[in-house]
Amino acid sequence: MTAQNNGTATWALVSLVAWLASRIYLMEFDYPKPLGYSIALLTLVPFLVFLFRFFKAVRSVDELERQVQLEALALAFPLTVLGLLLLSLLQMVAPLNAENWSYRHLLPMVFIAYLFGLMLAKRRYGLSETAAEND
Amino acid sequence: MKNSIKVERAKKDMTQGELAEQTGVSRQTINAIEAGKFVPSTLLALKIARVFGAPVEAIFELEEGD
């Protein structure tokens, strides 16, 4: 994923900035509820563009890179579900502090799981920046 | 599955990068296939065989347990 990567990474960054900006605005300012809902929903737009570009990038790479992405996502999804299931049970044992266990705290779990899956898949197929030509 | 891509490349004095370019994949993909870490799709296997001018069965071989 090379040329496509630039656009995908840019939109990932735009999504993050939009989310942070929305979050700051919704926390710090007073606003009518319809505006609050609109801001929350509009924040999804750059992320939808990122998703579209990400899927387009994955379809454009060669089969090995596609396999790596597939395995990374195949690991990330169940790992995230596992984490959420665990938290849902722990919540019954001891109430989890909403300040520390809100949705925004769980979000990094998804990315960490994806990055972990990506690392494992790249290692499995011997992909690394320093992989020398086998001549 | 084992393959003789490295041998075939040596016969034609071809680098992994050159083979990758001719088959439309990355050099890392060719490297992974040669190392036996990745099984190519039928399409890619046929493309590789065509580059070497050999039947695909001459390049790729099933192993016991495959």
# chains A, B, ... in the order shown; residues from 1 in each chain; ligands from 1
>>> closest_atom_pairs(of="chain B", to="chain A", cutoff="8 Å", atoms="only C-alpha atoms", output="JSON lines")
{"residue": "B:Lys6", "atom": "CA", "partner": "A:Asp135", "partner_atom": "CA", "distance": 7.6}
{"residue": "B:Thr15", "atom": "CA", "partner": "A:Asp135", "partner_atom": "CA", "distance": 7.2}
{"residue": "B:Gln16", "atom": "CA", "partner": "A:Glu133", "partner_atom": "CA", "distance": 6.9}
{"residue": "B:Gly24", "atom": "CA", "partner": "A:Asp62", "partner_atom": "CA", "distance": 7.8}
{"residue": "B:Val25", "atom": "CA", "partner": "A:Asp62", "partner_atom": "CA", "distance": 5.5}
{"residue": "B:Ser26", "atom": "CA", "partner": "A:Asp62", "partner_atom": "CA", "distance": 6.9}
{"residue": "B:Gln28", "atom": "CA", "partner": "A:Leu127", "partner_atom": "CA", "distance": 6.6}
{"residue": "B:Thr29", "atom": "CA", "partner": "A:Leu64", "partner_atom": "CA", "distance": 5.8}
{"residue": "B:Asn31", "atom": "CA", "partner": "A:Asn134", "partner_atom": "CA", "distance": 6.6}
{"residue": "B:Ala32", "atom": "CA", "partner": "A:Tyr125", "partner_atom": "CA", "distance": 6.0}
{"residue": "B:Lys37", "atom": "CA", "partner": "A:Tyr125", "partner_atom": "CA", "distance": 5.4}
{"residue": "B:Phe38", "atom": "CA", "partner": "A:Tyr125", "partner_atom": "CA", "distance": 6.4}
{"residue": "B:Pro40", "atom": "CA", "partner": "A:Glu63", "partner_atom": "CA", "distance": 7.8}
{"residue": "B:Ser41", "atom": "CA", "partner": "A:Glu63", "partner_atom": "CA", "distance": 7.8}
>>> select_by_dssp(residues="region 10-66 of chain B", states="alpha helix (DSSP H)", output="number ranges by chain")
B: 10-12, 16-23, 27-34, 42-52, 56-59
>>> atom_distance(atom1="CA of Arg59 (chain A)", atom2="CA of Thr8 (chain A)")
12.8 Å
>>> atom_distance(atom1="CA of Ala9 (chain A)", atom2="CA of Phe47 (chain A)")
11.1 Å
>>> residues_around(residues="Ala58 (chain B)", least_positions_apart="2", cutoff="12 Å", atoms="only C-alpha atoms", output="ChimeraX atom specification")
/B:2-5,7-8,45-46,48-50,52-56,60-62
>>> residues_around(residues="Val39 (chain B)", least_positions_apart="3", cutoff="8 Å", atoms="only C-alpha atoms", output="PyMOL selection string")
chain B and resi 1+33+36
>>> write_last_selection(atoms="C-alpha atoms", output="mmCIF file, in the first residue's frame")
data_model
loop_
_atom_site.group_PDB
_atom_site.id
_atom_site.type_symbol
_atom_site.label_atom_id
_atom_site.label_comp_id
_atom_site.auth_asym_id
_atom_site.auth_seq_id
_atom_site.Cartn_x
_atom_site.Cartn_y
_atom_site.Cartn_z
ATOM 1 C CA MET B 1 4.111 -26.739 -1.065
ATOM 2 C CA ILE B 33 6.673 -17.355 -1.930
ATOM 3 C CA GLY B 36 7.643 -21.069 1.429
#
